[in-house]
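Chemist: Pasting a structure below so you can have a look.
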Amino acid sequence: MGIQRIESVTYGIADLDECVRFFDDFGLFLVERTEEHAVFETLTGQTLHLDTDPSPLLPPPVEDGPTLREVVWGVDTREELRRLVTAVGRDHAVRESADGVFHTVDRSGFGVGLTLARPKRTAVEPRPANTLGSVNRWNTALEPLTRAHPLRMCHVALNIAKEGRGEAVAFYTDLLGFRPTDVVEPMGVFMQAPGDDDQHTMLLCHRPDRVSVNHIAYEVPGFDDVIEGGNHMIERGWREARRLGRHTIGSNVFRFLHAPCGGRVEYAADMDRVDDGYETRVHETTPPHHIWALRTHRDQDATTAP
């Protein structure tokens with residue numbers, strides 16, 4: 001089938017202590033730490049690498065300051081991995097590292113890796129919910145979660161230049177097998193990996209007309225995890241980047257935070273799942289960013305009567 005998921009991401013950073021504190025608060029699990037390097041893991045075994053001195057196998061950073069240096073994609077079989085490496089290698093330099101990752105660079109300058117997927121099984125238990133006609137919780141009051149622990153990295157969003165955006169998208173669709181699910185002509189292209197059922201695994205966004213990391217989204221079990229995880233981060237001193245809401249494309253509930261490694265991270269829950277019956281939607285104008293976003297009376301003009 002091909003690419004199944006994000007296997008790992010690597011950031012080039014300046015302040016390791018700050019980044020480690022951020023992702024510990026975010027709910028990932030620290031599995032390795034040196035003076036120059038730290039590795040965190042999701043519950044399903046994906047890894048986040050934080051490096052003050054990134055590997056020379058990685059391309060130069062696409063922007064000043066801390067930023068994303070590489071996304072490694074996990075492939076289901078050795079045969080598919082060889083096929084993808086061969087396809088990419090026809091037009092792009094590919095180098096293999098000792099850990100079995102094949103490294104190359106996409107059209108925008110981001111590092112791209114290919115390796116065998118190594119998913120870790122984890123029990124997913126969303127909080128039982130009650131509504132008329134569907135009762136899933138009897139004689140039990142809910143306890144606060146207090147914080148979130150992400151299940152997985154579910155999608156990556158990268159900012160790319162408008163010029164050459166067709167070639168930038170084609171690297172992923174023609175060589176790596178991603179398929180466009182929603183093409184927003186003024187903004188960007190949402191794409192799904194072949195072995196994923198999320199509405200999008202990746203977004204290439206040309207609206208800002210500059211190359212930079214936008215965000216990486218982490219799925220959590222449910223709505224409460226999005227809210228309580230975000231609240232925990234704010235209590236720990238981190239800055240929210242966007243108000244709680246639910247996206248239009250993908251339908252997921254979201255909460256964004258500014259990350260010291262560059263760009264933002266997102267708590268996400270309840271993403272649309274789509275199969276081969278989902279036909280690519282082409283939007284000539286950009287849909288609203290969200291179906292809803294949190295509002296309070298404080299948003300009203302002070303001069304408006306209640």
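Here's how to read the names in the structure tokens: chain A, B, ... by the order shown, residue numbers from 1 in each chain, ligand numbers from 1 in the order shown.
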Sorted by chain and rising residue number, list the residues of segment 249-281 of chain A at most 12 Å from segment 216-233 of chain A (counting only C-alpha atoms), each with its closest atom pair and distance in Å to one decimal, as a Markdown table.
Modeler:
```
| residue | atom | partner | partner_atom | distance |
| --- | --- | --- | --- | --- |
| A:Asn252 | CA | A:Phe223 | CA | 9.5 |
| A:Val253 | CA | A:Phe223 | CA | 6.9 |
| A:Phe254 | CA | A:Val226 | CA | 6.8 |
| A:Arg255 | CA | A:Val226 | CA | 6.4 |
| A:Phe256 | CA | A:Gly230 | CA | 8.0 |
| A:Leu257 | CA | A:Gly230 | CA | 7.8 |
| A:His258 | CA | A:Met233 | CA | 10.4 |
| A:Ala259 | CA | A:Ile216 | CA | 10.1 |
| A:Cys261 | CA | A:Ile216 | CA | 11.3 |
| A:Gly262 | CA | A:Ile216 | CA | 10.3 |
| A:Gly263 | CA | A:Ile216 | CA | 8.3 |
| A:Arg264 | CA | A:Ile216 | CA | 6.8 |
| A:Val265 | CA | A:Ile216 | CA | 5.1 |
| A:Glu266 | CA | A:Ala217 | CA | 4.4 |
| A:Tyr267 | CA | A:Tyr218 | CA | 5.2 |
| A:Ala268 | CA | A:Glu219 | CA | 4.7 |
| A:Ala269 | CA | A:Gly222 | CA | 5.3 |
| A:Asp270 | CA | A:Gly222 | CA | 6.8 |
| A:Met271 | CA | A:Glu219 | CA | 8.6 |
```
Chemist: Write out as a PyMOL selection string all residues of segment 114-246 of chain A that backbone DSSP assigns to strand (DSSP E).
Modeler: chain A and resi 114-116+130-131+134-135+152-159+179-184+188-192+202-205+212-219+240-246
Chemist: So that I can see what lies close to Gly277 of chain A, please list as a list in words the residues with an atom at most 12 Å from it, counting only C-alpha atoms and leaving out residues fewer than 5 positions away in the same chain.
Modeler: Thr181, Asp197 and Gln199 of chain A
Chemist: Write out the residues from the selection above, keeping all heavy atoms, as a PDB file, in the first residue's frame.
Modeler:
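Everything below was put into out-v5.pdb:
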```pdb
ATOM      1  N   THR A 181      -7.178  15.460  -1.234  1.00  0.00           N
ATOM      2  CA  THR A 181      -8.560  15.291  -0.784  1.00  0.00           C
ATOM      3  C   THR A 181      -9.335  16.596  -0.930  1.00  0.00           C
ATOM      4  O   THR A 181     -10.494  16.585  -1.331  1.00  0.00           O
ATOM      5  CB  THR A 181      -8.612  14.816   0.676  1.00  0.00           C
ATOM      6  OG1 THR A 181      -7.724  15.613   1.470  1.00  0.00           O
ATOM      7  CG2 THR A 181      -8.200  13.352   0.772  1.00  0.00           C
ATOM      8  N   ASP A 197      -6.472   6.781   6.946  1.00  0.00           N
ATOM      9  CA  ASP A 197      -7.870   7.068   6.653  1.00  0.00           C
ATOM     10  C   ASP A 197      -8.307   8.434   7.148  1.00  0.00           C
ATOM     11  O   ASP A 197      -9.470   8.812   6.998  1.00  0.00           O
ATOM     12  CB  ASP A 197      -8.797   5.974   7.192  1.00  0.00           C
ATOM     13  CG  ASP A 197      -8.664   5.739   8.698  1.00  0.00           C
ATOM     14  OD1 ASP A 197      -8.004   6.557   9.368  1.00  0.00           O
ATOM     15  OD2 ASP A 197      -9.228   4.755   9.199  1.00  0.00           O
ATOM     16  N   GLN A 199      -8.853  12.393   6.906  1.00  0.00           N
ATOM     17  CA  GLN A 199      -9.179  13.211   5.740  1.00  0.00           C
ATOM     18  C   GLN A 199      -7.941  13.868   5.158  1.00  0.00           C
ATOM     19  O   GLN A 199      -7.843  14.050   3.944  1.00  0.00           O
ATOM     20  CB  GLN A 199     -10.225  14.271   6.117  1.00  0.00           C
ATOM     21  CG  GLN A 199     -10.800  15.053   4.957  1.00  0.00           C
ATOM     22  CD  GLN A 199      -9.943  16.244   4.584  1.00  0.00           C
ATOM     23  OE1 GLN A 199      -9.163  16.745   5.410  1.00  0.00           O
ATOM     24  NE2 GLN A 199     -10.083  16.714   3.351  1.00  0.00           N
TER      25      GLN A 199
END
```
Chemist: Could you list, with a cut-off of 10 Å and counting only C-alpha atoms, the residues of segment 27-75 of chain A near segment 153-162 of chain A, each shown with its nearest atom pair and the distance in Å rounded to one decimal, rows sorted by chain and ascending number, as JSON lines?
Modeler:
```
{"residue": "A:Glu41", "atom": "CA", "partner": "A:Met153", "partner_atom": "CA", "distance": 9.9}
{"residue": "A:Thr42", "atom": "CA", "partner": "A:Met153", "partner_atom": "CA", "distance": 7.5}
{"residue": "A:Leu43", "atom": "CA", "partner": "A:Met153", "partner_atom": "CA", "distance": 9.7}
{"residue": "A:Thr44", "atom": "CA", "partner": "A:Met153", "partner_atom": "CA", "distance": 8.9}
{"residue": "A:Gly45", "atom": "CA", "partner": "A:Met153", "partner_atom": "CA", "distance": 9.8}
{"residue": "A:Gln46", "atom": "CA", "partner": "A:Met153", "partner_atom": "CA", "distance": 7.2}
{"residue": "A:Thr47", "atom": "CA", "partner": "A:Met153", "partner_atom": "CA", "distance": 9.0}
{"residue": "A:Leu48", "atom": "CA", "partner": "A:Met153", "partner_atom": "CA", "distance": 9.4}
{"residue": "A:Val62", "atom": "CA", "partner": "A:Ile160", "partner_atom": "CA", "distance": 9.9}
{"residue": "A:Leu68", "atom": "CA", "partner": "A:Leu158", "partner_atom": "CA", "distance": 9.3}
{"residue": "A:Val71", "atom": "CA", "partner": "A:Val156", "partner_atom": "CA", "distance": 8.5}
```
Chemist: Would you list the contacts of Arg69 of chain A as a ChimeraX atom specification, taking every protein, DNA or RNA residue within 10 Å and counting only C-alpha atoms, but skipping same-chain residues closer than 5 positions in sequence?
Modeler: /A:9-13,49-51,54-55,58-63,105,109-112,213
Chemist: Fewer than 6 positions away in the same chain doesn't count, so skip those; otherwise give me all residues within 9 Å of Phe23 of chain A, counting only C-alpha atoms, as number ranges by chain.
Modeler: A: 29-30, 40, 259
Chemist: Suppose you want the space between atom CA of Arg78 of chain A and atom CA of Tyr278 of chain A; what is it in Å?
Modeler: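 It comes out at 28.3 Å.
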Chemist: Which polymer residues have any atom within 10 Å of an atom of Thr280 of chain A, counting only C-alpha atoms, with same-chain residues fewer than 3 positions away left out, as an mmCIF file with N, CA, C and O atoms, in the first residue's frame?
Modeler:
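result_10.cif, freshly written:
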```cif
data_model
loop_
_atom_site.group_PDB
_atom_site.id
_atom_site.type_symbol
_atom_site.label_atom_id
_atom_site.label_comp_id
_atom_site.auth_asym_id
_atom_site.auth_seq_id
_atom_site.Cartn_x
_atom_site.Cartn_y
_atom_site.Cartn_z
ATOM 1 N N ARG A 179 -2.733 11.408 -2.102
ATOM 2 C CA ARG A 179 -3.787 11.872 -3.000
ATOM 3 C C ARG A 179 -4.428 13.131 -2.430
ATOM 4 O O ARG A 179 -4.684 13.228 -1.221
ATOM 5 N N PRO A 180 -4.686 14.107 -3.293
ATOM 6 C CA PRO A 180 -5.364 15.316 -2.820
ATOM 7 C C PRO A 180 -6.786 14.983 -2.395
ATOM 8 O O PRO A 180 -7.510 14.285 -3.117
ATOM 9 N N THR A 181 -7.178 15.460 -1.234
ATOM 10 C CA THR A 181 -8.560 15.291 -0.784
ATOM 11 C C THR A 181 -9.335 16.596 -0.930
ATOM 12 O O THR A 181 -10.494 16.585 -1.331
ATOM 13 N N ASP A 182 -8.704 17.708 -0.593
ATOM 14 C CA ASP A 182 -9.307 19.025 -0.799
ATOM 15 C C ASP A 182 -8.260 19.965 -1.378
ATOM 16 O O ASP A 182 -7.198 20.152 -0.776
ATOM 17 N N VAL A 183 -8.558 20.522 -2.530
ATOM 18 C CA VAL A 183 -7.682 21.500 -3.171
ATOM 19 C C VAL A 183 -8.338 22.863 -3.008
ATOM 20 O O VAL A 183 -9.402 23.126 -3.572
ATOM 21 N N PHE A 190 -4.726 19.832 0.625
ATOM 22 C CA PHE A 190 -4.801 18.832 1.676
ATOM 23 C C PHE A 190 -4.637 17.461 1.032
ATOM 24 O O PHE A 190 -5.289 17.165 0.016
ATOM 25 N N MET A 191 -3.783 16.608 1.617
ATOM 26 C CA MET A 191 -3.481 15.316 1.011
ATOM 27 C C MET A 191 -3.555 14.200 2.047
ATOM 28 O O MET A 191 -3.295 14.416 3.234
ATOM 29 N N ASP A 276 -11.722 5.453 -0.296
ATOM 30 C CA ASP A 276 -11.566 5.696 -1.727
ATOM 31 C C ASP A 276 -12.818 6.279 -2.358
ATOM 32 O O ASP A 276 -12.768 6.811 -3.478
ATOM 33 N N GLY A 277 -13.950 6.177 -1.684
ATOM 34 C CA GLY A 277 -15.179 6.758 -2.204
ATOM 35 C C GLY A 277 -15.246 8.273 -2.073
ATOM 36 O O GLY A 277 -16.140 8.906 -2.635
ATOM 37 N N HIS A 283 -11.961 23.770 -4.297
ATOM 38 C CA HIS A 283 -12.598 24.993 -3.805
ATOM 39 C C HIS A 283 -11.975 26.195 -4.516
ATOM 40 O O HIS A 283 -10.777 26.449 -4.380
#
```
Chemist: So which one's closest to His92 of chain A, A:Arg5, A:His247, A:Arg207, A:Arg107? Using only C-alpha atoms, please.
Modeler: A:Arg107
Chemist: Give me the residues within 10 Å of Arg21 of chain A as a compact mmCIF listing (two decimals) with N, CA and C atoms, in the first residue's frame, counting only C-alpha atoms and dropping any in the same chain fewer than 4 places off.
Modeler:
```
# COMPACT_ATOMS: atom_id res chain seq x y z
N LEU A 16 17.54 23.57 24.12
CA LEU A 16 17.06 22.21 24.35
C LEU A 16 16.22 22.12 25.61
N ASP A 17 16.64 22.78 26.69
CA ASP A 17 15.90 22.70 27.94
C ASP A 17 14.47 23.20 27.77
N ASP A 25 5.40 18.96 28.98
CA ASP A 25 4.11 19.53 29.36
C ASP A 25 3.03 19.15 28.35
N PHE A 26 3.40 19.04 27.07
CA PHE A 26 2.45 18.73 26.00
C PHE A 26 1.91 17.30 26.13
N ARG A 236 1.01 26.12 32.44
CA ARG A 236 2.46 25.93 32.52
C ARG A 236 3.23 27.08 31.88
N PRO A 260 8.40 26.29 20.94
CA PRO A 260 9.76 26.86 20.90
C PRO A 260 10.67 26.20 19.87
```
Chemist: Nearest residue to Ala168 of chain A out of A:Gly188, A:Gly89, A:Gly133, A:Gly65, using only C-alpha atoms?
Modeler: A:Gly188
Chemist: Find the residues of segment 112-214 of chain A that sit at most 9 Å from segment 286-298 of chain A; for each, write down the nearest two atoms and how far apart they are in Å, to one decimal. Count only C-alpha atoms. Sort by chain, then by number going up, and give it as CSV.
Modeler:
```
residue,atom,partner,partner_atom,distance
A:Val184,CA,A:Thr286,CA,5.9
A:Glu185,CA,A:Thr286,CA,7.3
A:Pro186,CA,A:Thr286,CA,6.2
A:Met187,CA,A:Thr286,CA,6.6
```
Chemist: When DSSP works through the backbone of this structure, what residues of segment 39-181 of chain A end up as alpha helix (DSSP H), shown as a PyMOL selection string?
Modeler: chain A and resi 78-89+165-170
Chemist: Mind writing the picked residues with C-alpha atoms as a PDB file, in the first residue's frame?
Modeler:
```
ATOM      1  CA  ARG A  78      10.159  -3.513   2.432  1.00  0.00           C
ATOM      2  CA  GLU A  79       8.949  -3.955  -1.142  1.00  0.00           C
ATOM      3  CA  GLU A  80       7.006  -0.703  -1.021  1.00  0.00           C
ATOM      4  CA  LEU A  81       9.936   1.047   0.632  1.00  0.00           C
ATOM      5  CA  ARG A  82      12.273  -0.056  -2.169  1.00  0.00           C
ATOM      6  CA  ARG A  83       9.754   1.029  -4.782  1.00  0.00           C
ATOM      7  CA  LEU A  84       9.367   4.509  -3.274  1.00  0.00           C
ATOM      8  CA  VAL A  85      13.119   4.978  -2.803  1.00  0.00           C
ATOM      9  CA  THR A  86      13.676   3.993  -6.443  1.00  0.00           C
ATOM     10  CA  ALA A  87      10.973   6.391  -7.655  1.00  0.00           C
ATOM     11  CA  VAL A  88      12.360   9.305  -5.647  1.00  0.00           C
ATOM     12  CA  GLY A  89      15.944   8.461  -6.595  1.00  0.00           C
ATOM     13  CA  ARG A 165       3.599  25.042  -5.866  1.00  0.00           C
ATOM     14  CA  GLY A 166       2.439  22.543  -8.488  1.00  0.00           C
ATOM     15  CA  GLU A 167       5.837  20.862  -8.492  1.00  0.00           C
ATOM     16  CA  ALA A 168       5.915  20.964  -4.686  1.00  0.00           C
ATOM     17  CA  VAL A 169       2.609  19.078  -4.515  1.00  0.00           C
ATOM     18  CA  ALA A 170       3.636  16.663  -7.299  1.00  0.00           C
TER      19      ALA A 170
END
```
